[in-house]
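Participant: upload_6.txt is reproduced below (compact mmCIF, C-alpha atoms).
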# COMPACT_ATOMS: atom_id res chain seq x y z
CA MET R 1 -1.88 -8.64 -19.52
CA THR R 2 -3.12 -9.81 -16.12
CA PHE R 3 -5.69 -7.63 -14.36
CA GLN R 4 -5.58 -8.00 -10.58
CA LEU R 5 -7.37 -5.59 -8.26
CA THR R 6 -7.04 -5.56 -4.48
CA PHE R 7 -9.01 -3.36 -2.05
CA CYS R 8 -7.42 -1.51 0.87
CA ASN R 9 -9.64 -2.46 3.76
CA GLU R 10 -9.89 0.43 6.24
CA LEU R 11 -13.10 1.88 4.76
CA LEU R 12 -14.50 -1.61 4.34
CA ALA R 13 -13.67 -2.41 7.97
CA ALA R 14 -15.58 0.64 9.19
CA GLU R 15 -18.82 -0.89 7.87
CA TYR R 16 -17.89 -4.59 7.82
CA PRO R 17 -15.72 -5.42 10.86
CA ARG R 18 -15.28 -9.08 9.88
CA LEU R 19 -12.65 -9.91 7.29
CA ALA R 20 -15.00 -12.49 5.81
CA ASP R 21 -17.60 -9.80 5.07
CA GLN R 22 -14.99 -7.43 3.65
CA SER R 23 -13.75 -10.26 1.46
CA ARG R 24 -17.23 -11.10 0.23
CA VAL R 25 -17.86 -7.49 -0.84
CA ALA R 26 -14.45 -7.28 -2.52
CA ARG R 27 -14.95 -10.52 -4.44
CA LYS R 28 -18.41 -9.53 -5.65
CA LEU R 29 -16.99 -6.25 -6.99
CA GLY R 30 -14.26 -8.00 -8.94
CA ALA R 31 -11.28 -7.82 -6.58
CA MET R 32 -8.98 -10.78 -6.04
CA GLY R 33 -7.65 -9.62 -2.71
CA LEU R 34 -7.59 -7.38 0.33
CA GLU R 35 -4.73 -5.09 1.33
CA VAL R 36 -4.99 -4.85 5.08
CA ASP R 37 -4.36 -2.03 7.55
CA PRO R 38 -2.92 -3.86 10.58
CA ALA R 39 -4.87 -1.55 12.92
CA SER R 40 -8.09 -3.05 11.52
CA LEU R 41 -7.03 -6.38 13.06
CA GLY R 42 -6.98 -4.93 16.57
CA PRO R 43 -4.35 -3.40 18.85
CA GLU R 44 -0.79 -4.69 18.62
CA ALA R 45 -1.39 -6.68 15.45
CA HIS R 46 2.35 -7.42 15.35
CA ARG R 47 1.87 -9.67 18.39
CA LEU R 48 -0.96 -11.84 17.02
CA SER R 49 -0.45 -15.54 17.63
CA SER R 50 0.27 -17.87 14.74
CA GLU R 51 -3.09 -19.55 15.41
CA LYS R 52 -4.96 -16.25 15.13
CA VAL R 53 -3.06 -15.30 11.97
CA ARG R 54 -3.94 -18.64 10.39
CA ALA R 55 -7.60 -18.13 11.32
CA LEU R 56 -7.63 -14.65 9.72
CA ARG R 57 -6.03 -16.00 6.57
CA ASP R 58 -8.57 -18.83 6.39
CA GLU R 59 -11.39 -16.32 6.88
CA VAL R 60 -10.35 -14.40 3.77
CA GLU R 61 -9.38 -17.34 1.61
CA GLY R 62 -12.63 -19.05 2.51
CA GLU R 63 -14.38 -16.29 0.54
CA GLY R 64 -12.34 -17.02 -2.58
CA ILE R 65 -9.81 -14.18 -2.39
CA ARG R 66 -6.54 -13.63 -0.51
CA ILE R 67 -4.62 -11.04 1.45
CA THR R 68 -2.18 -9.45 -0.97
CA GLY R 69 -0.44 -7.02 1.36
CA LEU R 70 -0.34 -4.77 4.40
CA HIS R 71 -0.29 -0.98 4.26
CA TRP R 72 -0.49 2.05 6.59
CA LEU R 73 1.77 -0.07 8.76
CA LEU R 74 2.15 2.20 11.78
CA SER R 75 -1.31 3.78 11.91
CA GLY R 76 -2.08 1.84 15.09
CA TYR R 77 1.19 2.82 16.77
CA PRO R 78 1.11 6.57 17.45
CA GLU R 79 4.21 6.30 19.67
CA ALA R 80 6.34 4.83 16.87
CA SER R 81 8.97 6.72 14.87
CA ILE R 82 11.41 5.67 12.16
CA THR R 83 13.46 8.87 12.60
CA ASP R 84 13.63 9.55 16.36
CA PRO R 85 16.67 7.68 17.77
CA ALA R 86 14.92 7.15 21.09
CA ARG R 87 12.05 5.28 19.43
CA GLN R 88 13.68 3.56 16.47
CA ALA R 89 14.52 0.25 18.14
CA ALA R 90 10.96 -0.24 19.40
CA THR R 91 9.61 0.71 15.97
CA GLN R 92 11.89 -1.77 14.23
CA SER R 93 10.59 -4.46 16.57
CA ILE R 94 7.02 -3.59 15.58
CA LEU R 95 7.89 -3.74 11.89
CA PHE R 96 9.64 -7.10 12.29
CA GLY R 97 6.42 -8.39 13.87
CA LEU R 98 4.32 -6.93 11.05
CA ILE R 99 6.57 -8.59 8.47
CA ASP R 100 5.98 -11.92 10.23
CA LEU R 101 2.25 -11.14 10.25
CA ALA R 102 2.27 -10.38 6.51
CA HIS R 103 4.14 -13.61 5.81
CA GLY R 104 1.66 -15.61 7.88
CA LEU R 105 -1.28 -14.01 6.09
CA GLY R 106 0.17 -14.98 2.69
CA ALA R 107 0.87 -11.40 1.60
CA ASP R 108 3.38 -10.39 -1.08
CA VAL R 109 3.94 -6.70 -0.36
CA MET R 110 4.06 -4.18 2.47
CA VAL R 111 3.53 -0.45 1.92
CA HIS R 112 5.11 1.94 4.42
CA GLY R 113 3.23 5.24 4.41
CA SER R 114 2.51 6.34 8.01
CA PRO R 115 3.44 10.03 7.73
CA LYS R 116 3.07 10.82 11.45
CA GLN R 117 5.76 8.28 12.29
CA ARG R 118 8.37 9.61 9.83
CA VAL R 119 8.85 13.23 10.90
CA PRO R 120 12.43 14.31 10.10
CA VAL R 121 14.69 15.10 13.07
CA PRO R 122 16.24 18.59 12.77
CA GLY R 123 19.96 18.45 12.03
CA ALA R 124 19.99 14.76 11.03
CA ASP R 125 20.65 13.56 7.49
CA LEU R 126 17.33 11.99 6.48
CA GLN R 127 18.68 9.49 3.95
CA ASP R 128 21.39 8.28 6.32
CA THR R 129 18.80 7.94 9.09
CA LEU R 130 16.35 6.00 6.94
CA THR R 131 19.07 3.84 5.37
CA ALA R 132 20.31 2.71 8.78
CA PHE R 133 16.77 2.17 10.02
CA PHE R 134 15.42 0.24 7.04
CA ALA R 135 18.44 -1.95 6.19
CA PRO R 136 17.59 -4.58 8.84
CA VAL R 137 13.88 -4.24 8.06
CA ALA R 138 14.63 -4.95 4.39
CA LYS R 139 16.71 -7.98 5.38
CA HIS R 140 13.85 -9.36 7.49
CA ALA R 141 11.40 -8.77 4.64
CA GLN R 142 13.72 -10.53 2.20
CA GLN R 143 13.98 -13.54 4.50
CA ALA R 144 10.17 -13.65 4.64
CA GLY R 145 9.88 -13.47 0.84
CA LEU R 146 8.17 -10.06 0.87
CA ILE R 147 8.60 -6.77 -0.97
CA TYR R 148 8.73 -3.83 1.45
CA CYS R 149 7.88 -0.48 -0.16
CA ILE R 150 8.57 3.02 1.10
CA GLU R 151 5.65 5.14 -0.10
CA PRO R 152 6.27 8.67 -1.41
CA LEU R 153 3.62 10.90 0.16
CA SER R 154 2.43 14.42 -0.59
CA ARG R 155 4.08 17.40 1.06
CA THR R 156 0.83 18.14 2.89
CA GLU R 157 1.41 14.91 4.84
CA THR R 158 5.17 14.84 5.38
CA THR R 159 8.47 16.24 4.13
CA ALA R 160 10.17 12.84 4.31
CA ILE R 161 10.17 11.07 0.89
CA ASN R 162 7.79 12.97 -1.39
CA THR R 163 8.86 11.82 -4.84
CA VAL R 164 9.48 8.51 -6.53
CA ALA R 165 13.05 9.62 -7.19
CA GLU R 166 13.60 10.14 -3.46
CA GLY R 167 12.13 6.71 -2.75
CA ALA R 168 14.32 5.15 -5.42
CA ALA R 169 17.41 6.89 -4.00
CA LEU R 170 16.68 5.31 -0.61
CA CYS R 171 16.29 1.93 -2.29
CA GLY R 172 19.67 2.40 -3.94
CA ALA R 173 21.29 3.33 -0.64
CA ILE R 174 19.89 0.22 1.06
CA GLY R 175 20.79 -2.04 -1.86
CA ASN R 176 18.37 -4.86 -1.07
CA PRO R 177 15.94 -5.94 -3.84
CA ALA R 178 13.29 -6.63 -1.18
CA PHE R 179 13.18 -2.89 -0.41
CA GLN R 180 11.42 -0.89 -3.13
CA THR R 181 9.27 2.18 -3.59
CA MET R 182 5.83 2.59 -5.16
CA ILE R 183 3.40 4.98 -6.84
CA ASP R 184 0.27 6.25 -5.11
CA THR R 185 -1.72 8.11 -7.75
CA SER R 186 -3.20 10.62 -5.29
CA ALA R 187 0.12 11.58 -3.71
CA ALA R 188 1.91 11.55 -7.06
CA GLY R 189 -0.87 13.59 -8.66
CA GLN R 190 -0.39 16.26 -6.00
CA THR R 191 3.42 16.20 -6.00
CA GLU R 192 4.72 15.29 -9.46
CA PRO R 193 2.01 15.17 -12.11
CA PRO R 194 1.21 13.98 -14.69
CA VAL R 195 1.06 10.51 -13.16
CA ALA R 196 1.00 8.77 -16.54
CA ASP R 197 4.42 10.28 -17.34
CA LEU R 198 5.70 9.18 -13.94
CA ILE R 199 4.57 5.63 -14.68
CA ARG R 200 6.27 5.69 -18.08
CA GLN R 201 9.46 6.93 -16.43
CA TRP R 202 9.63 4.42 -13.57
CA VAL R 203 7.51 1.29 -14.02
CA GLY R 204 9.67 -1.45 -15.49
CA ARG R 205 12.75 0.76 -15.17
CA GLY R 206 13.03 1.38 -11.45
CA PRO R 207 12.34 -0.26 -8.08
CA ILE R 208 8.53 0.04 -8.20
CA GLY R 209 6.95 -2.64 -6.03
CA HIS R 210 3.30 -1.56 -5.86
CA ILE R 211 0.59 0.77 -7.17
CA HIS R 212 -2.22 2.52 -5.28
CA PHE R 213 -5.17 4.07 -7.12
CA ASN R 214 -7.00 7.02 -5.60
CA ASP R 215 -8.00 10.45 -6.82
CA THR R 216 -6.15 13.58 -5.73
CA ASN R 217 -9.41 14.54 -3.99
CA ARG R 218 -8.77 11.48 -1.74
CA GLY R 219 -11.79 9.67 -3.14
CA ALA R 220 -12.05 6.58 -5.30
CA PRO R 221 -10.86 6.54 -8.90
CA GLY R 222 -13.74 8.12 -10.81
CA ALA R 223 -14.84 10.32 -7.91
CA GLY R 224 -12.87 13.30 -9.21
CA SER R 225 -11.25 14.52 -12.39
CA ASP R 226 -7.94 12.64 -12.36
CA PRO R 227 -7.05 11.23 -15.81
CA PHE R 228 -7.30 7.49 -15.19
CA ASP R 229 -7.91 7.15 -18.93
CA ALA R 230 -4.20 8.04 -19.29
CA ILE R 231 -2.90 6.44 -16.08
CA LEU R 232 -4.24 2.93 -16.69
CA PRO R 233 -3.07 2.63 -20.32
CA ALA R 234 0.40 3.84 -19.28
CA LEU R 235 0.55 1.19 -16.57
CA ARG R 236 -0.65 -1.56 -18.85
CA LYS R 237 1.77 -0.58 -21.61
CA ALA R 238 4.57 -0.69 -19.05
CA GLY R 239 3.76 -4.37 -18.49
CA TRP R 240 2.34 -4.20 -14.98
CA SER R 241 0.90 -7.57 -13.93
CA ALA R 242 0.96 -7.52 -10.10
CA PRO R 243 -2.09 -6.65 -7.97
CA MET R 244 -3.13 -2.98 -8.03
CA GLY R 245 -4.50 -1.50 -4.82
CA VAL R 246 -7.57 0.72 -4.56
CA GLU R 247 -7.23 3.08 -1.57
CA PRO R 248 -10.04 5.65 -1.23
CA PHE R 249 -10.18 7.74 1.93
CA ILE R 250 -13.48 9.52 1.20
CA LEU R 251 -16.78 7.80 0.49
CA SER R 252 -18.82 8.28 -2.66
CA GLY R 253 -22.15 7.40 -1.11
CA ASN R 254 -21.71 4.21 0.91
CA VAL R 255 -18.81 1.79 1.10
CA HIS R 256 -20.21 -0.55 -1.55
CA ASP R 257 -20.81 2.29 -4.01
CA THR R 258 -17.33 3.72 -3.40
CA PHE R 259 -15.53 0.51 -4.25
CA ALA R 260 -17.93 -0.27 -7.09
CA LEU R 261 -17.07 3.10 -8.65
CA ALA R 262 -13.35 2.46 -8.16
CA ALA R 263 -13.47 -1.03 -9.64
CA ALA R 264 -15.54 0.07 -12.64
CA THR R 265 -13.25 3.05 -13.35
CA VAL R 266 -10.07 0.99 -13.19
CA ARG R 267 -11.49 -1.92 -15.17
CA ARG R 268 -12.94 0.32 -17.90
CA ASN R 269 -9.73 2.23 -18.43
CA TRP R 270 -7.57 -0.91 -18.29
CA ASP R 271 -9.74 -2.68 -20.86
CA HIS R 272 -9.87 0.37 -23.15
CA LEU R 273 -6.31 -0.22 -24.29
CA PRO R 274 -6.22 -2.66 -27.24
CA SER R 275 -4.32 -5.89 -26.53
Kindly present the structure from the file in structure tokens form.
Facilitator:
Amino acid sequence: MTFQLTFCNELLAAEYPRLADQSRVARKLGAMGLEVDPASLGPEAHRLSSEKVRALRDEVEGEGIRITGLHWLLSGYPEASITDPARQAATQSILFGLIDLAHGLGADVMVHGSPKQRVPVPGADLQDTLTAFFAPVAKHAQQAGLIYCIEPLSRTETTAINTVAEGAALCGAIGNPAFQTMIDTSAAGQTEPPVADLIRQWVGRGPIGHIHFNDTNRGAPGAGSDPFDAILPALRKAGWSAPMGVEPFILSGNVHDTFALAAATVRRNWDHLPS
């Protein structure tokens, strides 16, 4: 089974502003890609010129890895909202631009977390609201050859889409194979543990387009007590072969040590399962 690890770049970018340097660290630690926060590329990343996008892609690929996806899509757009009718059209325009950015960077997947931009509107039906909002976004993603994932988040972050079942229900309502959901081990570990059972239930049987690894303490895999010795074998047995994202929010020492710990934890527990 293919092992592919990609590093979410916001912590890397805090110490290494250049994508080339982030890529070099990731490659040396065994990753094959970067998963990029658009805000790390500067303000209004959705408006970057095709020449700039090509240069960014070349910067990463010149270090022997690639950009696998975008995540935390609206972190750089505090005014955006996918639920407020007065701001939805402008937010859709941003997301269309980010889809074009992802396509230009050679990415495969986009992960929509961004809890501050998905606050439910009192009195509105959330699934109807999100279905109407995301249907054209899904169509644009499909035309670009991308998988667009709605990310279930913990209830401490938002009350809009907290479980994989809720994400899958939205996927069913939209009815476009380019629109899927995903599993973030930190959020899932807080909301619907055990994560290994969740993987056995959904991976290979539902619209799961991506995986994020982080501990429920918000650190790297291995920084806490989460059972990655059960999570990784469950994922491998389910036949997962796409890139797996590492997304720590809290450092374990410095940036290098944090991602080294994550990579070693994931690799060790993936390899532990007999072929």
Participant: Residues of region 137-195 of chain R within 12 Å of region 63-77 of chain R: nearest atom pair and distance (Å, one decimal) for each, counting all atoms listed in the file, sorted by chain and number, as JSON lines?
Facilitator:
{"residue": "R:Leu146", "atom": "CA", "partner": "R:Gly69", "partner_atom": "CA", "distance": 9.1}
{"residue": "R:Ile147", "atom": "CA", "partner": "R:Gly69", "partner_atom": "CA", "distance": 9.3}
{"residue": "R:Tyr148", "atom": "CA", "partner": "R:Leu70", "partner_atom": "CA", "distance": 9.6}
{"residue": "R:Cys149", "atom": "CA", "partner": "R:His71", "partner_atom": "CA", "distance": 9.3}
{"residue": "R:Ile150", "atom": "CA", "partner": "R:His71", "partner_atom": "CA", "distance": 10.2}
{"residue": "R:Glu151", "atom": "CA", "partner": "R:His71", "partner_atom": "CA", "distance": 9.6}
{"residue": "R:Leu153", "atom": "CA", "partner": "R:Trp72", "partner_atom": "CA", "distance": 11.7}
{"residue": "R:Met182", "atom": "CA", "partner": "R:His71", "partner_atom": "CA", "distance": 11.8}
{"residue": "R:Asp184", "atom": "CA", "partner": "R:His71", "partner_atom": "CA", "distance": 11.8}
Participant: Between CA of Ala26 (chain R) and CA of Leu11 (chain R), what distance in Å does the model show, to one decimal?
Facilitator: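 Distance between the two atoms: 11.8 Å.
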Participant: Within 8 Å of (-14.6, 4.4, -15.6), in the coordinates the file gives, what residues turn up when you count only C-alpha atoms, written out as a ChimeraX atom specification?
Facilitator: /R:221-222,228-229,261-262,264-269
Participant: Give me, as a PyMOL selection string, all polymer residues having an atom no more than 7 Å from Pro152 (chain R), counting all atoms listed in the file and skipping those fewer than 2 positions away in the same chain.
Facilitator: chain R and resi 150+154+161-164+167
Participant: Have a look at CA of Asp58 (chain R) and CA of Trp240 (chain R) and let me know their distance in Å, one decimal.
Facilitator: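 Those two atoms sit 28.1 Å apart.
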Participant: Please indicate the distance in Å from CA of Ile199 (chain R) to CA of Ala178 (chain R), rounded to one decimal place.
Facilitator: 20.2 Å
Participant: Determine, counting all atoms listed in the file, every residue of protein, DNA or RNA that lies within 6 Å of (-1.9, 5.5, -7.7) in the file coordinates, then give the result as a compact mmCIF listing (two decimals) with C-alpha atoms, in the frame of the given file.
Facilitator:
# COMPACT_ATOMS: atom_id res chain seq x y z
CA ILE R 183 3.40 4.98 -6.84
CA ASP R 184 0.27 6.25 -5.11
CA THR R 185 -1.72 8.11 -7.75
CA SER R 186 -3.20 10.62 -5.29
CA ILE R 211 0.59 0.77 -7.17
CA HIS R 212 -2.22 2.52 -5.28
CA PHE R 213 -5.17 4.07 -7.12
CA ASN R 214 -7.00 7.02 -5.60
Participant: Write out as number ranges by chain each polymer residue whose atoms come within 8 Å of region 101-106 of chain R, counting all atoms listed in the file; drop sequence neighbours fewer than 2 positions from it.
Facilitator: R: 45-46, 48, 50, 53-54, 56-57, 66-70, 97-99, 108-110, 144-146
Participant: When distances are computed from all atoms listed in the file, which of R:Cys171, R:Val121, R:Ala263, R:Leu12 shows the smallest separation from Pro85 (chain R)?
Facilitator: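 Using all atoms listed in the file, Pro85 (chain R) sits closest to R:Val121.
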